[in-house]
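Undergrad: Sending over final.csv (CSV, N, CA and C atoms).
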```csv
chain,number,residue,atom,x,y,z
A,384,MET,N,16.9,-3.8,21.7
A,384,MET,CA,15.8,-2.9,21.5
A,384,MET,C,15.1,-3.2,20.2
A,385,PHE,N,13.8,-3.1,20.2
A,385,PHE,CA,13.0,-3.3,19.1
A,385,PHE,C,12.2,-2.1,18.7
A,386,ILE,N,11.9,-1.8,17.4
A,386,ILE,CA,11.3,-0.6,17.0
A,386,ILE,C,10.1,-0.9,16.0
A,387,ARG,N,9.1,-0.2,16.2
A,387,ARG,CA,7.9,-0.3,15.4
A,387,ARG,C,7.3,1.0,15.1
A,388,PHE,N,6.8,1.2,13.8
A,388,PHE,CA,6.2,2.5,13.4
A,388,PHE,C,4.7,2.2,13.3
A,389,VAL,N,3.9,3.1,13.9
A,389,VAL,CA,2.5,2.8,13.9
A,389,VAL,C,1.7,4.1,13.7
A,390,VAL,N,0.4,4.0,13.3
A,390,VAL,CA,-0.5,5.1,13.3
A,390,VAL,C,-1.6,4.8,14.3
A,391,LYS,N,-2.6,5.7,14.5
A,391,LYS,CA,-3.6,5.5,15.6
A,391,LYS,C,-4.6,4.5,15.2
A,392,GLU,N,-4.9,4.2,13.9
A,392,GLU,CA,-5.9,3.2,13.5
A,392,GLU,C,-5.5,1.8,14.0
A,393,LEU,N,-6.6,1.1,14.4
A,393,LEU,CA,-6.3,-0.3,14.9
A,393,LEU,C,-6.4,-1.3,13.7
A,394,ASP,N,-5.6,-2.3,13.8
A,394,ASP,CA,-5.7,-3.5,12.9
A,394,ASP,C,-6.8,-4.4,13.4
A,395,ARG,N,-7.6,-4.9,12.5
A,395,ARG,CA,-8.8,-5.7,12.9
A,395,ARG,C,-8.3,-7.1,13.4
A,396,ASP,N,-7.2,-7.6,12.9
A,396,ASP,CA,-6.7,-8.9,13.3
A,396,ASP,C,-6.0,-8.9,14.6
A,397,SER,N,-5.1,-8.0,14.8
A,397,SER,CA,-4.3,-8.0,16.0
A,397,SER,C,-4.9,-7.2,17.1
A,398,GLY,N,-5.8,-6.2,16.8
A,398,GLY,CA,-6.4,-5.3,17.8
A,398,GLY,C,-5.4,-4.3,18.2
A,399,ARG,N,-4.2,-4.2,17.6
A,399,ARG,CA,-3.2,-3.2,17.9
A,399,ARG,C,-3.1,-2.1,16.8
A,400,ARG,N,-2.4,-1.1,17.0
A,400,ARG,CA,-2.3,0.0,16.0
A,400,ARG,C,-1.7,-0.5,14.8
A,401,GLN,N,-2.2,0.0,13.6
A,401,GLN,CA,-1.7,-0.4,12.3
A,401,GLN,C,-0.2,0.0,12.1
A,402,GLY,N,0.5,-0.8,11.4
A,402,GLY,CA,1.8,-0.4,11.0
A,402,GLY,C,1.7,0.4,9.7
A,403,LEU,N,2.9,1.0,9.3
A,403,LEU,CA,2.9,1.9,8.2
A,403,LEU,C,2.5,1.3,6.8
A,404,PHE,N,2.8,0.0,6.6
A,404,PHE,CA,2.4,-0.6,5.3
A,404,PHE,C,0.9,-0.6,5.2
A,405,GLN,N,0.2,-1.0,6.3
A,405,GLN,CA,-1.3,-1.0,6.3
A,405,GLN,C,-1.8,0.5,6.1
A,406,ALA,N,-1.2,1.4,6.8
A,406,ALA,CA,-1.6,2.8,6.7
A,406,ALA,C,-1.5,3.3,5.3
A,407,ALA,N,-0.4,3.0,4.7
A,407,ALA,CA,-0.1,3.4,3.3
A,407,ALA,C,-1.2,2.9,2.3
A,408,TRP,N,-1.5,1.6,2.5
A,408,TRP,CA,-2.6,1.0,1.7
A,408,TRP,C,-3.9,1.7,1.8
A,409,THR,N,-4.2,2.1,3.1
A,409,THR,CA,-5.4,2.9,3.3
A,409,THR,C,-5.4,4.2,2.6
A,410,LEU,N,-4.2,4.9,2.7
A,410,LEU,CA,-4.1,6.2,2.0
A,410,LEU,C,-4.3,6.0,0.5
A,411,GLY,N,-3.7,5.0,-0.1
A,411,GLY,CA,-3.8,4.7,-1.5
A,411,GLY,C,-5.3,4.5,-1.9
A,412,GLU,N,-6.0,3.7,-1.1
A,412,GLU,CA,-7.4,3.4,-1.4
A,412,GLU,C,-8.3,4.7,-1.3
A,413,SER,N,-7.9,5.6,-0.4
A,413,SER,CA,-8.7,6.8,-0.1
A,413,SER,C,-8.6,7.8,-1.2
A,414,GLY,N,-7.5,7.7,-2.0
A,414,GLY,CA,-7.4,8.7,-3.1
A,414,GLY,C,-6.8,10.0,-2.6
A,415,VAL,N,-6.4,10.1,-1.4
A,415,VAL,CA,-5.9,11.4,-0.8
A,415,VAL,C,-4.5,11.7,-1.2
A,416,ILE,N,-3.7,10.6,-1.4
A,416,ILE,CA,-2.3,10.8,-1.7
A,416,ILE,C,-2.1,11.1,-3.1
A,417,ASP,N,-1.1,12.0,-3.4
A,417,ASP,CA,-0.8,12.3,-4.8
A,417,ASP,C,0.0,11.2,-5.5
A,418,SER,N,0.1,11.2,-6.8
A,418,SER,CA,0.8,10.1,-7.5
A,418,SER,C,2.3,10.1,-7.2
A,419,THR,N,2.9,11.2,-7.0
A,419,THR,CA,4.3,11.2,-6.7
A,419,THR,C,4.6,10.5,-5.4
A,420,ASP,N,3.9,10.9,-4.4
A,420,ASP,CA,4.1,10.2,-3.1
A,420,ASP,C,3.7,8.8,-3.1
A,421,TRP,N,2.6,8.4,-3.8
A,421,TRP,CA,2.2,7.1,-4.0
A,421,TRP,C,3.2,6.2,-4.7
A,422,ASN,N,3.8,6.8,-5.7
A,422,ASN,CA,4.8,6.0,-6.4
A,422,ASN,C,6.1,5.8,-5.6
A,423,ARG,N,6.4,6.8,-4.8
A,423,ARG,CA,7.6,6.7,-3.8
A,423,ARG,C,7.3,5.6,-2.8
A,424,LEU,N,6.1,5.6,-2.2
A,424,LEU,CA,5.7,4.6,-1.3
A,424,LEU,C,5.8,3.2,-1.9
A,425,GLN,N,5.4,3.1,-3.1
A,425,GLN,CA,5.4,1.8,-3.8
A,425,GLN,C,6.9,1.4,-4.1
A,426,SER,N,7.7,2.3,-4.4
A,426,SER,CA,9.2,2.0,-4.6
A,426,SER,C,9.8,1.5,-3.3
A,427,ILE,N,9.5,2.2,-2.2
A,427,ILE,CA,10.0,1.7,-0.9
A,427,ILE,C,9.5,0.4,-0.5
A,428,ARG,N,8.2,0.1,-0.8
A,428,ARG,CA,7.6,-1.2,-0.5
A,428,ARG,C,8.3,-2.3,-1.3
A,429,THR,N,8.6,-2.0,-2.5
A,429,THR,CA,9.3,-2.9,-3.4
A,429,THR,C,10.7,-3.2,-2.8
A,430,TRP,N,11.4,-2.2,-2.3
A,430,TRP,CA,12.7,-2.4,-1.6
A,430,TRP,C,12.5,-3.4,-0.5
A,431,PHE,N,11.4,-3.2,0.4
A,431,PHE,CA,11.2,-4.1,1.5
A,431,PHE,C,10.9,-5.5,1.0
A,432,ASP,N,10.1,-5.6,-0.1
A,432,ASP,CA,9.8,-7.0,-0.6
A,432,ASP,C,11.1,-7.7,-1.0
A,433,GLN,N,12.1,-6.9,-1.5
A,433,GLN,CA,13.4,-7.5,-1.9
A,433,GLN,C,14.4,-7.7,-0.8
A,434,ASN,N,14.2,-7.0,0.3
A,434,ASN,CA,15.2,-6.9,1.4
A,434,ASN,C,14.8,-7.3,2.8
A,435,LEU,N,13.6,-7.8,2.9
A,435,LEU,CA,13.0,-8.2,4.2
A,435,LEU,C,12.1,-9.4,4.0
A,436,ALA,N,12.4,-10.5,4.6
A,436,ALA,CA,11.5,-11.7,4.5
A,436,ALA,C,10.2,-11.4,5.2
A,437,LYS,N,9.2,-12.0,4.6
A,437,LYS,CA,7.8,-11.9,5.2
A,437,LYS,C,7.8,-13.0,6.3
A,438,PRO,N,7.4,-12.6,7.5
A,438,PRO,CA,7.3,-13.6,8.6
A,438,PRO,C,6.4,-14.8,8.2
A,439,THR,N,6.8,-16.0,8.6
A,439,THR,CA,6.1,-17.2,8.2
A,439,THR,C,5.0,-17.5,9.2
A,440,ARG,N,5.0,-16.8,10.3
A,440,ARG,CA,4.1,-17.1,11.4
A,440,ARG,C,3.7,-15.8,12.1
A,441,PHE,N,2.4,-15.7,12.4
A,441,PHE,CA,1.9,-14.5,13.2
A,441,PHE,C,0.9,-15.0,14.3
A,442,ALA,N,0.9,-16.2,14.6
A,442,ALA,CA,0.0,-16.7,15.6
A,442,ALA,C,0.8,-17.5,16.6
A,443,VAL,N,0.3,-17.6,17.9
A,443,VAL,CA,0.9,-18.4,18.9
A,443,VAL,C,0.7,-19.8,18.6
A,444,SER,N,-0.6,-20.2,18.3
A,444,SER,CA,-0.9,-21.5,18.0
A,444,SER,C,-0.4,-22.0,16.6
A,445,THR,N,-0.1,-23.2,16.5
A,445,THR,CA,0.4,-23.8,15.2
A,445,THR,C,-0.8,-24.5,14.5
A,446,LYS,N,-2.0,-24.4,15.1
A,446,LYS,CA,-3.2,-25.1,14.4
A,446,LYS,C,-3.6,-24.2,13.2
A,447,PRO,N,-4.2,-24.9,12.2
A,447,PRO,CA,-4.8,-24.2,11.1
A,447,PRO,C,-5.8,-23.2,11.5
A,448,HIS,N,-6.0,-22.1,10.8
A,448,HIS,CA,-7.0,-21.1,11.0
A,448,HIS,C,-6.9,-20.4,12.3
A,449,ARG,N,-5.7,-20.3,12.8
A,449,ARG,CA,-5.4,-19.6,14.1
A,449,ARG,C,-5.5,-18.1,13.8
A,450,LYS,N,-5.8,-17.4,14.8
A,450,LYS,CA,-5.9,-15.9,14.7
A,450,LYS,C,-4.5,-15.3,14.7
A,451,ALA,N,-4.2,-14.5,13.7
A,451,ALA,CA,-2.9,-13.9,13.6
A,451,ALA,C,-2.9,-12.6,14.5
A,452,GLN,N,-2.3,-12.7,15.6
A,452,GLN,CA,-2.2,-11.5,16.5
A,452,GLN,C,-0.8,-11.0,16.8
A,453,ALA,N,0.2,-11.6,16.2
A,453,ALA,CA,1.5,-11.2,16.4
A,453,ALA,C,1.7,-9.9,15.6
A,454,ILE,N,2.6,-9.0,16.1
A,454,ILE,CA,2.9,-7.8,15.4
A,454,ILE,C,4.4,-7.8,15.1
A,455,SER,N,4.8,-7.1,14.0
A,455,SER,CA,6.3,-7.1,13.6
A,455,SER,C,7.0,-5.9,14.2
A,456,TRP,N,8.2,-6.2,14.6
A,456,TRP,CA,9.2,-5.2,15.2
A,456,TRP,C,10.5,-5.3,14.5
A,457,PHE,N,11.1,-4.2,14.2
A,457,PHE,CA,12.5,-4.2,13.7
A,457,PHE,C,13.5,-4.3,14.8
A,458,LYS,N,14.5,-5.1,14.6
A,458,LYS,CA,15.6,-5.1,15.6
A,458,LYS,C,16.3,-3.8,15.4
A,459,ASP,N,16.8,-3.2,16.5
A,459,ASP,CA,17.5,-1.9,16.4
A,459,ASP,C,18.8,-1.9,15.6
A,460,SER,N,19.3,-3.1,15.3
A,460,SER,CA,20.5,-3.3,14.4
A,460,SER,C,20.2,-3.2,12.9
A,461,ALA,N,18.9,-3.1,12.6
A,461,ALA,CA,18.5,-3.1,11.2
A,461,ALA,C,18.4,-1.7,10.7
A,462,HIS,N,19.6,-1.0,10.7
A,462,HIS,CA,19.7,0.4,10.4
A,462,HIS,C,19.1,0.8,9.0
A,463,GLU,N,19.5,0.1,8.0
A,463,GLU,CA,19.0,0.4,6.6
A,463,GLU,C,17.5,0.3,6.6
A,464,HIS,N,16.9,-0.7,7.2
A,464,HIS,CA,15.5,-0.9,7.2
A,464,HIS,C,14.8,0.2,7.9
A,465,ILE,N,15.3,0.6,9.1
A,465,ILE,CA,14.7,1.6,9.9
A,465,ILE,C,14.8,3.0,9.1
A,466,ASN,N,15.9,3.2,8.5
A,466,ASN,CA,16.0,4.5,7.7
A,466,ASN,C,15.0,4.5,6.6
A,467,LYS,N,14.7,3.4,5.9
A,467,LYS,CA,13.7,3.3,4.9
A,467,LYS,C,12.3,3.6,5.5
A,468,MET,N,12.1,3.0,6.7
A,468,MET,CA,10.8,3.3,7.4
A,468,MET,C,10.6,4.8,7.7
A,469,ARG,N,11.7,5.4,8.1
A,469,ARG,CA,11.6,6.9,8.4
A,469,ARG,C,11.3,7.6,7.1
A,470,GLU,N,11.8,7.2,6.0
A,470,GLU,CA,11.4,7.9,4.7
A,470,GLU,C,9.9,7.6,4.5
A,471,PHE,N,9.5,6.4,4.7
A,471,PHE,CA,8.1,6.0,4.5
A,471,PHE,C,7.2,6.8,5.5
A,472,GLN,N,7.7,7.0,6.7
A,472,GLN,CA,7.0,7.8,7.7
A,472,GLN,C,6.8,9.2,7.2
A,473,GLN,N,7.8,9.8,6.7
A,473,GLN,CA,7.7,11.2,6.2
A,473,GLN,C,6.6,11.4,5.2
A,474,ILE,N,6.5,10.4,4.3
A,474,ILE,CA,5.5,10.5,3.2
A,474,ILE,C,4.1,10.3,3.8
A,475,VAL,N,3.9,9.4,4.7
A,475,VAL,CA,2.6,9.1,5.3
A,475,VAL,C,2.2,10.3,6.1
A,476,GLU,N,3.1,10.9,6.9
A,476,GLU,CA,2.8,12.1,7.7
A,476,GLU,C,2.4,13.3,6.8
A,477,ARG,N,3.1,13.4,5.7
A,477,ARG,CA,2.8,14.5,4.7
A,477,ARG,C,1.4,14.4,4.2
A,478,ASN,N,0.9,13.2,4.2
A,478,ASN,CA,-0.4,13.0,3.7
A,478,ASN,C,-1.5,12.8,4.7
A,479,GLY,N,-1.2,13.4,5.9
A,479,GLY,CA,-2.2,13.5,6.9
A,479,GLY,C,-2.3,12.5,8.0
A,480,LEU,N,-1.5,11.5,8.1
A,480,LEU,CA,-1.5,10.5,9.2
A,480,LEU,C,-0.4,10.7,10.1
A,481,GLY,N,-0.7,10.8,11.4
A,481,GLY,CA,0.4,10.9,12.4
A,481,GLY,C,1.0,9.6,12.6
A,482,VAL,N,2.3,9.6,12.8
A,482,VAL,CA,3.1,8.3,13.0
A,482,VAL,C,3.8,8.4,14.3
A,483,GLU,N,3.8,7.3,15.0
A,483,GLU,CA,4.6,7.2,16.2
A,483,GLU,C,5.6,6.1,16.1
A,484,MET,N,6.8,6.3,16.6
A,484,MET,CA,7.8,5.2,16.6
A,484,MET,C,7.9,4.7,18.0
A,485,LEU,N,7.5,3.4,18.1
A,485,LEU,CA,7.5,2.7,19.4
A,485,LEU,C,8.9,2.0,19.6
A,486,ARG,N,9.3,1.9,20.9
A,486,ARG,CA,10.5,1.2,21.2
A,486,ARG,C,10.2,0.3,22.4
A,487,THR,N,10.8,-0.9,22.4
A,487,THR,CA,10.6,-1.8,23.6
A,487,THR,C,11.8,-2.7,23.7
A,488,GLU,N,12.1,-3.2,24.9
A,488,GLU,CA,13.0,-4.3,25.1
A,488,GLU,C,12.3,-5.6,25.0
A,489,ARG,N,10.9,-5.6,25.3
A,489,ARG,CA,10.1,-6.8,25.4
A,489,ARG,C,9.0,-6.7,24.4
A,490,PRO,N,9.2,-7.2,23.2
A,490,PRO,CA,8.1,-7.1,22.2
A,490,PRO,C,7.0,-8.1,22.4
A,491,GLY,N,7.2,-9.1,23.2
A,491,GLY,CA,6.2,-10.1,23.5
A,491,GLY,C,6.8,-11.5,23.3
A,492,TYR,N,5.8,-12.5,23.1
A,492,TYR,CA,6.2,-13.9,22.9
A,492,TYR,C,6.6,-14.0,21.4
A,493,ILE,N,7.8,-14.2,21.1
A,493,ILE,CA,8.3,-14.2,19.7
A,493,ILE,C,7.9,-15.5,19.0
A,494,VAL,N,7.2,-15.3,17.9
A,494,VAL,CA,6.7,-16.5,17.1
A,494,VAL,C,7.5,-16.6,15.8
A,495,TYR,N,8.3,-15.5,15.4
A,495,TYR,CA,9.1,-15.5,14.2
A,495,TYR,C,10.3,-14.6,14.5
A,496,GLU,N,11.4,-15.0,13.9
A,496,GLU,CA,12.6,-14.1,14.0
A,496,GLU,C,13.5,-14.3,12.9
A,497,ASP,N,14.1,-13.2,12.4
A,497,ASP,CA,15.2,-13.3,11.4
A,497,ASP,C,16.2,-12.3,11.7
A,498,GLN,N,17.1,-12.0,10.8
A,498,GLN,CA,18.3,-11.1,11.1
A,498,GLN,C,17.8,-9.7,11.4
A,499,PHE,N,16.7,-9.2,10.8
A,499,PHE,CA,16.3,-7.9,10.9
A,499,PHE,C,15.0,-7.6,11.7
A,500,GLN,N,14.2,-8.6,12.1
A,500,GLN,CA,12.9,-8.4,12.6
A,500,GLN,C,12.5,-9.6,13.5
A,501,VAL,N,11.4,-9.3,14.3
A,501,VAL,CA,10.7,-10.4,15.0
A,501,VAL,C,9.2,-10.1,14.8
A,502,ALA,N,8.4,-11.2,14.9
A,502,ALA,CA,7.0,-11.1,15.0
A,502,ALA,C,6.7,-11.6,16.4
A,503,ALA,N,6.0,-10.9,17.2
A,503,ALA,CA,5.7,-11.3,18.6
A,503,ALA,C,4.3,-11.0,19.0
A,504,TYR,N,3.8,-11.9,19.8
A,504,TYR,CA,2.5,-11.8,20.4
A,504,TYR,C,2.7,-10.9,21.6
A,505,PRO,N,2.2,-9.7,21.6
A,505,PRO,CA,2.5,-8.7,22.7
A,505,PRO,C,2.2,-9.1,24.1
A,506,PHE,N,3.1,-8.8,25.0
A,506,PHE,CA,2.8,-8.9,26.4
A,506,PHE,C,1.8,-7.8,26.8
A,507,SER,N,1.1,-7.9,27.9
A,507,SER,CA,0.2,-6.8,28.3
A,507,SER,C,0.8,-5.5,28.4
A,508,GLU,N,2.1,-5.4,28.8
A,508,GLU,CA,2.8,-4.1,29.0
A,508,GLU,C,3.5,-3.7,27.7
A,509,THR,N,3.5,-4.5,26.7
A,509,THR,CA,4.2,-4.1,25.4
A,509,THR,C,3.5,-2.9,24.7
A,510,PRO,N,4.2,-1.9,24.4
A,510,PRO,CA,3.5,-0.8,23.7
A,510,PRO,C,3.1,-1.2,22.3
A,511,SER,N,1.9,-0.9,21.9
A,511,SER,CA,1.5,-1.3,20.6
A,511,SER,C,0.4,-0.4,20.1
```
Let me see the file written as structure tokens.
TA:
Amino acid sequence: MFIRFVVKELDRDSGRRQGLFQAAWTLGESGVIDSTDWNRLQSIRTWFDQNLAKPTRFAVSTKPHRKAQAISWFKDSAHEHINKMREFQQIVERNGLGVEMLRTERPGYIVYEDQFQVAAYPFSETPS
């Protein structure tokens, strides 16, 4: 099983709903979020920077300047990462954005994988 946290806003690159890191950035730029919540989001983001590799590939094609349309999913075995995302979710929701946790067995055509996550180009039936 794979898990993804999303808001209703669409990502311009993938055409799919934004993940929480993008949503938090939008909140920060809007000035809506208070400094305590913003600092906590930044602390959680730092934890992810230190404990989760950044996918090296987001496109199906290996050609330069390819369109990055893959989206990231946590493996359901990544318990600590998912718990951190739930904390992130609470802060984002407290600041006015609705969050949905998606689950799927078939995230799509996998273009990157590590111990905790995959980046996959979604199949037509993949929730996103």
Undergrad: A:Met384, A:Val415, A:Val389, A:Ala436: which is nearest A:Ser511, counting all atoms listed in the file?
TA: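 For A:Ser511, the nearest of the candidates is A:Val389.
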Undergrad: From the set A:Thr429, A:Gln498, A:Met484, A:Ala453, which residue has the shortest atom-to-atom contact distance to A:Gly398, counting only C-alpha atoms?
TA: A:Ala453
Undergrad: Identify, with DSSP run on backbone atoms, the residues in chain A assigned to helix (DSSP H, G or I), and express the list as a PyMOL selection string.
TA: chain A and resi 403-413+418-434+462-477
Undergrad: Using all atoms listed in the file, find the one residue out of A:Asn434, A:Ser455, A:Asn478, A:Gln401 that sits nearest to A:Val501.
TA: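 Residue with the minimum atom-to-atom distance to A:Val501: A:Ser455.
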Undergrad: Can you pull out every residue within 12 Å of A:Arg469, counting only C-alpha atoms, but drop anything in the same chain fewer than 3 positions away, and send it as an mmCIF file with N, CA and C atoms, in the frame of the given file?
TA:
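Listed below is the output, out_9.cif:
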```cif
data_model
loop_
_atom_site.group_PDB
_atom_site.id
_atom_site.type_symbol
_atom_site.label_atom_id
_atom_site.label_comp_id
_atom_site.auth_asym_id
_atom_site.auth_seq_id
_atom_site.Cartn_x
_atom_site.Cartn_y
_atom_site.Cartn_z
ATOM 1 N N ILE A 386 11.900 -1.800 17.400
ATOM 2 C CA ILE A 386 11.300 -0.600 17.000
ATOM 3 C C ILE A 386 10.100 -0.900 16.000
ATOM 4 N N ARG A 387 9.100 -0.200 16.200
ATOM 5 C CA ARG A 387 7.900 -0.300 15.400
ATOM 6 C C ARG A 387 7.300 1.000 15.100
ATOM 7 N N PHE A 388 6.800 1.200 13.800
ATOM 8 C CA PHE A 388 6.200 2.500 13.400
ATOM 9 C C PHE A 388 4.700 2.200 13.300
ATOM 10 N N VAL A 389 3.900 3.100 13.900
ATOM 11 C CA VAL A 389 2.500 2.800 13.900
ATOM 12 C C VAL A 389 1.700 4.100 13.700
ATOM 13 N N LEU A 403 2.900 1.000 9.300
ATOM 14 C CA LEU A 403 2.900 1.900 8.200
ATOM 15 C C LEU A 403 2.500 1.300 6.800
ATOM 16 N N LEU A 424 6.100 5.600 -2.200
ATOM 17 C CA LEU A 424 5.700 4.600 -1.300
ATOM 18 C C LEU A 424 5.800 3.200 -1.900
ATOM 19 N N ILE A 427 9.500 2.200 -2.200
ATOM 20 C CA ILE A 427 10.000 1.700 -0.900
ATOM 21 C C ILE A 427 9.500 0.400 -0.500
ATOM 22 N N HIS A 462 19.600 -1.000 10.700
ATOM 23 C CA HIS A 462 19.700 0.400 10.400
ATOM 24 C C HIS A 462 19.100 0.800 9.000
ATOM 25 N N GLU A 463 19.500 0.100 8.000
ATOM 26 C CA GLU A 463 19.000 0.400 6.600
ATOM 27 C C GLU A 463 17.500 0.300 6.600
ATOM 28 N N HIS A 464 16.900 -0.700 7.200
ATOM 29 C CA HIS A 464 15.500 -0.900 7.200
ATOM 30 C C HIS A 464 14.800 0.200 7.900
ATOM 31 N N ILE A 465 15.300 0.600 9.100
ATOM 32 C CA ILE A 465 14.700 1.600 9.900
ATOM 33 C C ILE A 465 14.800 3.000 9.100
ATOM 34 N N ASN A 466 15.900 3.200 8.500
ATOM 35 C CA ASN A 466 16.000 4.500 7.700
ATOM 36 C C ASN A 466 15.000 4.500 6.600
ATOM 37 N N GLN A 472 7.700 7.000 6.700
ATOM 38 C CA GLN A 472 7.000 7.800 7.700
ATOM 39 C C GLN A 472 6.800 9.200 7.200
ATOM 40 N N GLN A 473 7.800 9.800 6.700
ATOM 41 C CA GLN A 473 7.700 11.200 6.200
ATOM 42 C C GLN A 473 6.600 11.400 5.200
ATOM 43 N N ILE A 474 6.500 10.400 4.300
ATOM 44 C CA ILE A 474 5.500 10.500 3.200
ATOM 45 C C ILE A 474 4.100 10.300 3.800
ATOM 46 N N VAL A 475 3.900 9.400 4.700
ATOM 47 C CA VAL A 475 2.600 9.100 5.300
ATOM 48 C C VAL A 475 2.200 10.300 6.100
ATOM 49 N N GLU A 476 3.100 10.900 6.900
ATOM 50 C CA GLU A 476 2.800 12.100 7.700
ATOM 51 C C GLU A 476 2.400 13.300 6.800
ATOM 52 N N VAL A 482 2.300 9.600 12.800
ATOM 53 C CA VAL A 482 3.100 8.300 13.000
ATOM 54 C C VAL A 482 3.800 8.400 14.300
ATOM 55 N N GLU A 483 3.800 7.300 15.000
ATOM 56 C CA GLU A 483 4.600 7.200 16.200
ATOM 57 C C GLU A 483 5.600 6.100 16.100
ATOM 58 N N MET A 484 6.800 6.300 16.600
ATOM 59 C CA MET A 484 7.800 5.200 16.600
ATOM 60 C C MET A 484 7.900 4.700 18.000
#
```
